[in-house]
$ cat run29.txt   # compact mmCIF, C-alpha atoms and all ligand atoms
# COMPACT_ATOMS: atom_id res chain seq x y z
CA MET A 137 -7.10 -14.32 10.76
CA VAL A 138 -7.32 -10.75 9.51
CA GLU A 139 -9.74 -10.37 6.64
CA ILE A 140 -9.13 -8.09 3.68
CA VAL A 141 -12.20 -6.05 2.86
CA GLN A 142 -13.41 -6.30 -0.74
CA ASN A 143 -14.77 -3.66 -3.11
CA GLY A 144 -18.40 -2.90 -2.31
CA ASP A 145 -17.74 -2.41 1.41
CA LYS A 146 -18.47 1.18 2.45
CA VAL A 147 -15.30 1.50 4.53
CA LEU A 148 -13.26 1.58 1.30
CA ARG A 149 -15.14 4.71 0.21
CA LYS A 150 -14.83 6.71 3.42
CA ILE A 151 -12.33 9.50 4.04
CA SER A 152 -10.14 8.02 6.77
CA LYS A 153 -9.45 9.92 9.98
CA GLU A 154 -6.06 11.08 11.19
CA VAL A 155 -4.41 9.12 13.98
CA PRO A 156 -3.77 11.27 17.07
CA ILE A 157 0.04 11.25 17.39
CA SER A 158 -0.18 10.58 21.14
CA SER A 159 -2.07 7.36 20.48
CA ILE A 160 0.47 5.80 18.09
CA ALA A 161 2.32 4.02 20.90
CA LYS A 162 -0.89 2.77 22.48
CA PRO A 163 -1.94 -0.90 22.17
CA LYS A 164 -4.96 -0.14 19.97
CA ILE A 165 -2.90 1.40 17.16
CA GLN A 166 -0.04 -1.07 17.59
CA LYS A 167 -2.57 -3.90 17.19
CA ILE A 168 -3.91 -2.33 13.98
CA LEU A 169 -0.35 -2.09 12.62
CA ALA A 170 0.29 -5.73 13.51
CA ASP A 171 -2.98 -6.78 11.86
CA MET A 172 -2.11 -4.85 8.70
CA LYS A 173 1.29 -6.56 8.48
CA THR A 174 -0.32 -9.96 9.08
CA ALA A 175 -2.92 -9.35 6.37
CA LEU A 176 -0.24 -8.19 3.93
CA ASN A 177 1.93 -11.22 4.59
CA THR A 178 -0.91 -13.61 3.77
CA GLN A 179 -1.01 -12.19 0.23
CA TYR A 180 1.72 -13.68 -1.93
CA ASP A 181 1.63 -10.71 -4.29
CA GLY A 182 0.88 -7.97 -1.76
CA VAL A 183 3.16 -4.96 -1.78
CA ALA A 184 1.19 -2.56 0.42
CA ILE A 185 -2.01 -2.23 2.40
CA ALA A 186 -4.04 0.66 3.77
CA ALA A 187 -5.98 0.51 7.06
CA PRO A 188 -9.44 0.72 5.42
CA GLN A 189 -8.57 -2.56 3.68
CA ILE A 190 -8.84 -4.32 7.05
CA GLY A 191 -11.95 -2.30 7.93
CA VAL A 192 -10.23 0.46 9.92
CA SER A 193 -10.94 4.01 8.77
CA LEU A 194 -7.65 5.57 9.86
CA ARG A 195 -4.88 7.25 7.84
CA ILE A 196 -2.28 4.49 7.88
CA PHE A 197 -0.59 2.41 5.20
CA VAL A 198 2.13 -0.23 5.32
CA VAL A 199 4.53 -1.06 2.48
CA SER A 200 6.04 -4.55 2.41
CA GLY A 201 9.82 -4.94 2.43
CA ARG A 202 9.24 -7.18 -0.61
CA ILE A 203 9.31 -4.22 -2.92
CA PHE A 204 13.01 -3.75 -2.18
CA ASP A 205 13.69 -7.28 -3.36
CA GLU A 206 14.99 -7.32 -6.90
CA ASP A 207 13.68 -10.80 -7.66
CA PHE A 208 10.18 -9.73 -6.70
CA ILE A 209 10.32 -6.60 -8.83
CA SER A 210 11.78 -8.37 -11.84
CA GLY A 211 8.92 -10.87 -11.70
CA LYS A 212 10.92 -13.97 -10.86
CA GLY A 213 8.16 -14.74 -8.43
CA PRO A 214 7.44 -14.48 -4.77
CA SER A 215 7.00 -18.24 -4.28
CA GLN A 216 10.65 -18.78 -5.08
CA LEU A 217 11.57 -16.03 -2.66
CA ASP A 218 9.52 -17.47 0.12
CA THR A 219 11.11 -20.90 -0.19
CA GLN A 220 14.55 -19.36 -0.17
CA LYS A 221 13.69 -17.69 3.12
CA LYS A 222 15.87 -14.78 2.18
CA LYS A 223 16.08 -12.04 4.70
CA ARG A 224 13.56 -9.49 3.62
CA ALA A 225 13.75 -5.78 4.27
CA PRO A 226 11.31 -4.80 7.05
CA SER A 227 7.97 -3.32 6.12
CA MET A 228 7.54 0.43 6.38
CA VAL A 229 4.72 2.07 8.31
CA PHE A 230 3.24 5.42 7.21
CA ILE A 231 0.86 7.10 9.67
CA ASN A 232 -0.98 10.30 8.66
CA PRO A 233 0.94 10.34 5.36
CA ILE A 234 0.95 13.47 3.24
CA LEU A 235 2.09 13.51 -0.37
CA LYS A 236 4.38 16.54 -0.26
CA LYS A 237 5.70 16.50 -3.79
CA ILE A 238 4.79 14.60 -6.88
CA SER A 239 6.61 14.88 -10.19
CA LYS A 240 5.00 16.32 -13.28
CA ASP A 241 6.53 13.39 -15.09
CA LYS A 242 3.92 10.61 -15.23
CA LYS A 243 3.87 7.00 -16.32
CA LEU A 244 1.26 4.31 -16.96
CA MET A 245 1.83 1.28 -14.76
CA THR A 246 -0.22 -1.88 -14.27
CA GLU A 247 -1.86 -2.04 -10.86
CA GLY A 248 -3.99 -4.38 -8.89
CA CYS A 249 -5.42 -4.13 -5.38
CA LEU A 250 -5.91 -6.60 -2.56
CA SER A 251 -9.45 -5.23 -2.21
CA VAL A 252 -10.36 -5.35 -5.90
CA ARG A 253 -9.64 -8.92 -6.88
CA PRO A 254 -9.13 -10.05 -9.59
CA LEU A 255 -8.97 -6.80 -11.55
CA TYR A 256 -5.84 -5.24 -12.95
CA GLY A 257 -5.52 -2.09 -15.00
CA LYS A 258 -3.16 0.65 -16.04
CA VAL A 259 -3.00 3.86 -14.01
CA ARG A 260 -1.11 7.01 -14.91
CA ARG A 261 0.75 8.32 -11.90
CA ALA A 262 3.72 10.51 -11.05
CA THR A 263 7.07 8.75 -11.40
CA ARG A 264 8.49 10.42 -8.29
CA ALA A 265 6.79 11.25 -5.01
CA THR A 266 7.70 12.40 -1.53
CA VAL A 267 5.69 11.41 1.52
CA GLU A 268 5.86 12.89 4.99
CA ALA A 269 4.46 10.63 7.71
CA TYR A 270 4.91 9.27 11.23
CA ASN A 271 6.42 5.85 11.85
CA GLU A 272 5.22 3.22 14.34
CA ASN A 273 7.16 4.99 17.12
CA GLY A 274 5.46 8.30 16.45
CA LYS A 275 8.53 9.79 14.82
CA LYS A 276 8.03 12.07 11.83
CA PHE A 277 9.99 11.21 8.69
CA THR A 278 10.15 12.01 4.99
CA LYS A 279 10.60 9.42 2.26
CA ASP A 280 11.42 10.13 -1.39
CA ALA A 281 10.52 7.50 -3.92
CA SER A 282 10.60 6.81 -7.61
CA GLY A 283 9.21 4.04 -9.80
CA LEU A 284 7.18 1.33 -8.06
CA LEU A 285 7.34 2.88 -4.59
CA ALA A 286 6.21 6.29 -5.88
CA HIS A 287 3.29 4.56 -7.56
CA ILE A 288 2.44 2.73 -4.33
CA PHE A 289 2.49 5.99 -2.35
CA GLN A 290 -0.18 7.40 -4.65
CA HIS A 291 -2.32 4.23 -4.72
CA GLU A 292 -2.27 3.98 -0.90
CA SER A 293 -2.90 7.70 -0.34
CA ASP A 294 -5.95 7.34 -2.57
CA HIS A 295 -7.25 4.54 -0.31
CA LEU A 296 -7.22 6.96 2.63
CA ASP A 297 -9.45 9.30 0.65
CA GLY A 298 -11.89 6.59 -0.41
CA ILE A 299 -10.52 6.30 -3.94
CA LEU A 300 -9.85 2.94 -5.60
CA PHE A 301 -7.53 2.40 -8.57
CA ILE A 302 -10.47 1.21 -10.68
CA ASP A 303 -11.77 4.80 -10.55
CA LYS A 304 -8.72 5.87 -12.58
CA ALA A 305 -7.59 2.77 -14.46
CA LYS A 306 -7.62 2.03 -18.15
CA ASP A 307 -7.79 -1.39 -19.79
CA LEU A 308 -9.25 -3.12 -16.74
CA GLN A 309 -9.10 -6.87 -17.01
CA GLU A 310 -9.52 -9.88 -14.79
CA ILE A 311 -6.33 -11.78 -14.21
CA PHE A 312 -6.38 -15.00 -12.24
CA VAL A 313 -3.01 -16.06 -10.91
CA GLU A 314 -2.48 -19.52 -9.45
ZN ZN B 1 -5.24 -1.03 -3.04
$ encode --input "run29.txt" --output "structure tokens"
Amino acid sequence: MVEIVQNGDKVLRKISKEVPISSIAKPKIQKILADMKTALNTQYDGVAIAAPQIGVSLRIFVVSGRIFDEDFISGKGPSQLDTQKKKRAPSMVFINPILKKISKDKKLMTEGCLSVRPLYGKVRRATRATVEAYNENGKKFTKDASGLLAHIFQHESDHLDGILFIDKAKDLQEIFVE
């Protein structure tokens, strides 16, 4: 069982270290990636996770394939999805991610965080963002995003710099979901 670190733990406030590219293929990093995916999959509403959230201070985040599922985005509910056992898009790994471009155009969106339960709040972020990173095979790639994924890129990049969404959010409130 991989535990998700909660707000108050110092690891969430540290600046994470870069992963040496030559070590990406090694068992230690591959195990961390597997643990991150496992932790993310245990969270019915999880869309992404950063390494510090499992106690590892390295510059890595993983985005769940769930976000490419229209039912999930439209709010029809993940439980329904899970029972349907629909084929889900694979999760995406971002190692040493760098936000290369973010749009001037910004939008308030409601956010939560697996490490800041049960708070939700609205954060103003760029509507489009481009990330350059390495994948799990050590290959460099660039990914453009808009909407939810662009928002996620910024939330997760913040994690790697010790920033939590509650530092920036407005209208914070506790929301308990069954
Ligand atoms: Zn988070």
$ closest_atom_pairs --input "run29.txt" --of "segment 223-276 of chain A" --to "segment 145-150 of chain A" --cutoff "12 Å" --atoms "all atoms listed in the file" --output "JSON lines"
{"residue": "A:Cys249", "atom": "CA", "partner": "A:Leu148", "partner_atom": "CA", "distance": 11.8}
{"residue": "A:Leu250", "atom": "CA", "partner": "A:Leu148", "partner_atom": "CA", "distance": 11.7}
{"residue": "A:Ser251", "atom": "CA", "partner": "A:Leu148", "partner_atom": "CA", "distance": 8.6}
{"residue": "A:Val252", "atom": "CA", "partner": "A:Leu148", "partner_atom": "CA", "distance": 10.4}
$ atom_distance --input "run29.txt" --atom1 "atom CA of Leu255 of chain A" --atom2 "atom CA of Gln309 of chain A"
5.5 Å
$ residues_around --input "run29.txt" --residues "Phe301 of chain A" --least-positions-apart "5" --cutoff "8 Å" --atoms "all atoms listed in the file" --output "list in words"
Glu247, Gly248, Cys249, Val259, His291 and Asp294 of chain A
$ closest_residue --input "run29.txt" --among "A:Val267, A:Ile165, A:Leu308, A:Ala187" --to "ligand ZN 1 (chain B)" --atoms "all atoms listed in the file"
A:Ala187
$ closest_residue --input "run29.txt" --among "A:Lys162, A:Thr246, A:Gly274, A:Val229" --to "Asp307 of chain A" --atoms "only C-alpha atoms"
A:Thr246
$ atom_distance --input "run29.txt" --atom1 "atom CA of Lys237 of chain A" --atom2 "atom CA of Val199 of chain A"
18.7 Å
$ atom_distance --input "run29.txt" --atom1 "atom CA of Ala265 of chain A" --atom2 "atom CA of Glu310 of chain A"
28.4 Å
$ closest_residue --input "run29.txt" --among "A:Ile288, A:Leu296, A:Ile238, A:Ala305" --to "Arg260 of chain A" --atoms "only C-alpha atoms"
A:Ala305
$ closest_residue --input "run29.txt" --among "A:Ala286, A:Ala186, A:Val138, A:Ala175" --to "ligand ZN 1 (chain B)" --atoms "all atoms listed in the file"
A:Ala186
$ residues_near_point --input "run29.txt" --point "(9.3, 11.1, -2.9)" --cutoff "9 Å" --atoms "only C-alpha atoms" --output "list in words"
Leu235, Lys236, Lys237, Ile238, Ser239, Arg264, Ala265, Thr266, Val267, Glu268, Thr278, Lys279, Asp280, Ala281, Ser282, Leu285, Ala286 and Phe289 of chain A
$ closest_residue --input "run29.txt" --among "A:Asp181, A:Asp171, A:Glu272, A:Asp205" --to "ligand ZN 1 (chain B)" --atoms "only C-alpha atoms and all ligand atoms"
A:Asp181
$ residues_near_point --input "run29.txt" --point "(5.8, 12.6, 9.3)" --cutoff "8 Å" --atoms "all atoms listed in the file" --output "list in words"
Phe230, Ile231, Asn232, Pro233, Ile234, Val267, Glu268, Ala269, Tyr270, Asn271, Lys275, Lys276, Phe277 and Thr278 of chain A
$ decode --input "run29.txt" --residues "segment 180-195 of chain A" --atoms "all heavy atoms" --output "tab-separated table (two decimals), in the first residue's frame"
chain	number	residue	atom	x	y	z
A	180	TYR	N	-10.40	7.50	-6.21
A	180	TYR	CA	-11.46	7.47	-7.22
A	180	TYR	C	-11.55	8.78	-8.01
A	180	TYR	O	-12.02	8.80	-9.14
A	180	TYR	CB	-12.81	7.16	-6.58
A	180	TYR	CG	-13.35	8.30	-5.77
A	180	TYR	CD1	-14.25	9.20	-6.34
A	180	TYR	CD2	-12.92	8.53	-4.46
A	180	TYR	CE1	-14.71	10.28	-5.62
A	180	TYR	CE2	-13.37	9.60	-3.74
A	180	TYR	CZ	-14.27	10.48	-4.33
A	180	TYR	OH	-14.69	11.56	-3.62
A	181	ASP	N	-11.11	9.88	-7.39
A	181	ASP	CA	-11.23	11.17	-8.07
A	181	ASP	C	-9.86	11.73	-8.46
A	181	ASP	O	-9.74	12.89	-8.82
A	181	ASP	CB	-11.94	12.18	-7.16
A	181	ASP	CG	-11.22	12.38	-5.83
A	181	ASP	OD1	-10.33	11.55	-5.51
A	181	ASP	OD2	-11.54	13.34	-5.11
A	182	GLY	N	-8.82	10.91	-8.38
A	182	GLY	CA	-7.47	11.41	-8.65
A	182	GLY	C	-7.22	11.61	-10.13
A	182	GLY	O	-7.53	10.75	-10.94
A	183	VAL	N	-6.68	12.74	-10.49
A	183	VAL	CA	-6.35	12.98	-11.89
A	183	VAL	C	-4.85	13.06	-12.12
A	183	VAL	O	-4.37	12.84	-13.22
A	183	VAL	CB	-7.02	14.25	-12.46
A	183	VAL	CG1	-8.52	14.03	-12.59
A	183	VAL	CG2	-6.75	15.46	-11.60
A	184	ALA	N	-4.10	13.37	-11.05
A	184	ALA	CA	-2.64	13.47	-11.20
A	184	ALA	C	-2.00	13.40	-9.83
A	184	ALA	O	-2.65	13.64	-8.80
A	184	ALA	CB	-2.27	14.78	-11.87
A	185	ILE	N	-0.71	13.06	-9.82
A	185	ILE	CA	0.02	12.99	-8.56
A	185	ILE	C	1.47	13.37	-8.80
A	185	ILE	O	2.04	13.06	-9.86
A	185	ILE	CB	-0.11	11.57	-7.95
A	185	ILE	CG1	0.41	11.53	-6.50
A	185	ILE	CG2	0.63	10.51	-8.81
A	185	ILE	CD1	0.00	10.27	-5.74
A	186	ALA	N	2.06	14.05	-7.84
A	186	ALA	CA	3.47	14.42	-7.92
A	186	ALA	C	4.24	13.57	-6.91
A	186	ALA	O	3.70	13.17	-5.88
A	186	ALA	CB	3.63	15.91	-7.60
A	187	ALA	N	5.52	13.32	-7.22
A	187	ALA	CA	6.32	12.42	-6.37
A	187	ALA	C	6.35	12.82	-4.89
A	187	ALA	O	6.27	11.94	-4.03
A	187	ALA	CB	7.74	12.31	-6.94
A	188	PRO	N	6.44	14.12	-4.56
A	188	PRO	CA	6.44	14.46	-3.13
A	188	PRO	C	5.20	13.95	-2.40
A	188	PRO	O	5.23	13.72	-1.19
A	188	PRO	CB	6.47	16.00	-3.13
A	188	PRO	CG	7.05	16.36	-4.45
A	188	PRO	CD	6.62	15.30	-5.41
A	189	GLN	N	4.12	13.74	-3.14
A	189	GLN	CA	2.87	13.27	-2.52
A	189	GLN	C	2.96	11.83	-2.06
A	189	GLN	O	2.10	11.36	-1.31
A	189	GLN	CB	1.70	13.45	-3.48
A	189	GLN	CG	1.41	14.92	-3.76
A	189	GLN	CD	0.20	15.09	-4.64
A	189	GLN	OE1	0.30	15.04	-5.86
A	189	GLN	NE2	-0.97	15.27	-4.04
A	190	ILE	N	4.00	11.09	-2.50
A	190	ILE	CA	4.23	9.77	-1.90
A	190	ILE	C	5.54	9.82	-1.10
A	190	ILE	O	6.16	8.79	-0.82
A	190	ILE	CB	4.23	8.61	-2.93
A	190	ILE	CG1	5.32	8.77	-3.99
A	190	ILE	CG2	2.87	8.47	-3.59
A	190	ILE	CD1	5.68	7.46	-4.69
A	191	GLY	N	5.98	11.02	-0.76
A	191	GLY	CA	7.14	11.18	0.12
A	191	GLY	C	8.48	11.18	-0.59
A	191	GLY	O	9.52	11.06	0.05
A	192	VAL	N	8.47	11.32	-1.92
A	192	VAL	CA	9.71	11.29	-2.70
A	192	VAL	C	9.98	12.67	-3.29
A	192	VAL	O	9.19	13.18	-4.08
A	192	VAL	CB	9.61	10.25	-3.85
A	192	VAL	CG1	10.85	10.29	-4.73
A	192	VAL	CG2	9.39	8.84	-3.29
A	193	SER	N	11.09	13.28	-2.88
A	193	SER	CA	11.36	14.65	-3.30
A	193	SER	C	12.12	14.71	-4.63
A	193	SER	O	13.26	15.15	-4.71
A	193	SER	CB	12.15	15.36	-2.19
A	193	SER	OG	12.11	16.74	-2.39
A	194	LEU	N	11.45	14.23	-5.68
A	194	LEU	CA	12.03	14.24	-7.02
A	194	LEU	C	11.03	14.89	-7.98
A	194	LEU	O	9.82	14.85	-7.76
A	194	LEU	CB	12.31	12.81	-7.49
A	194	LEU	CG	13.51	12.10	-6.85
A	194	LEU	CD1	13.57	10.64	-7.31
A	194	LEU	CD2	14.82	12.82	-7.19
A	195	ARG	N	11.60	15.46	-9.09
A	195	ARG	CA	10.75	16.21	-10.03
A	195	ARG	C	10.07	15.26	-11.02
A	195	ARG	O	10.53	15.07	-12.15
A	195	ARG	CB	11.56	17.28	-10.75
A	195	ARG	CG	12.26	18.24	-9.78
A	195	ARG	CD	12.86	19.45	-10.46
A	195	ARG	NE	11.87	20.45	-10.78
A	195	ARG	CZ	11.40	21.34	-9.91
A	195	ARG	NH1	11.81	21.36	-8.66
A	195	ARG	NH2	10.49	22.21	-10.29
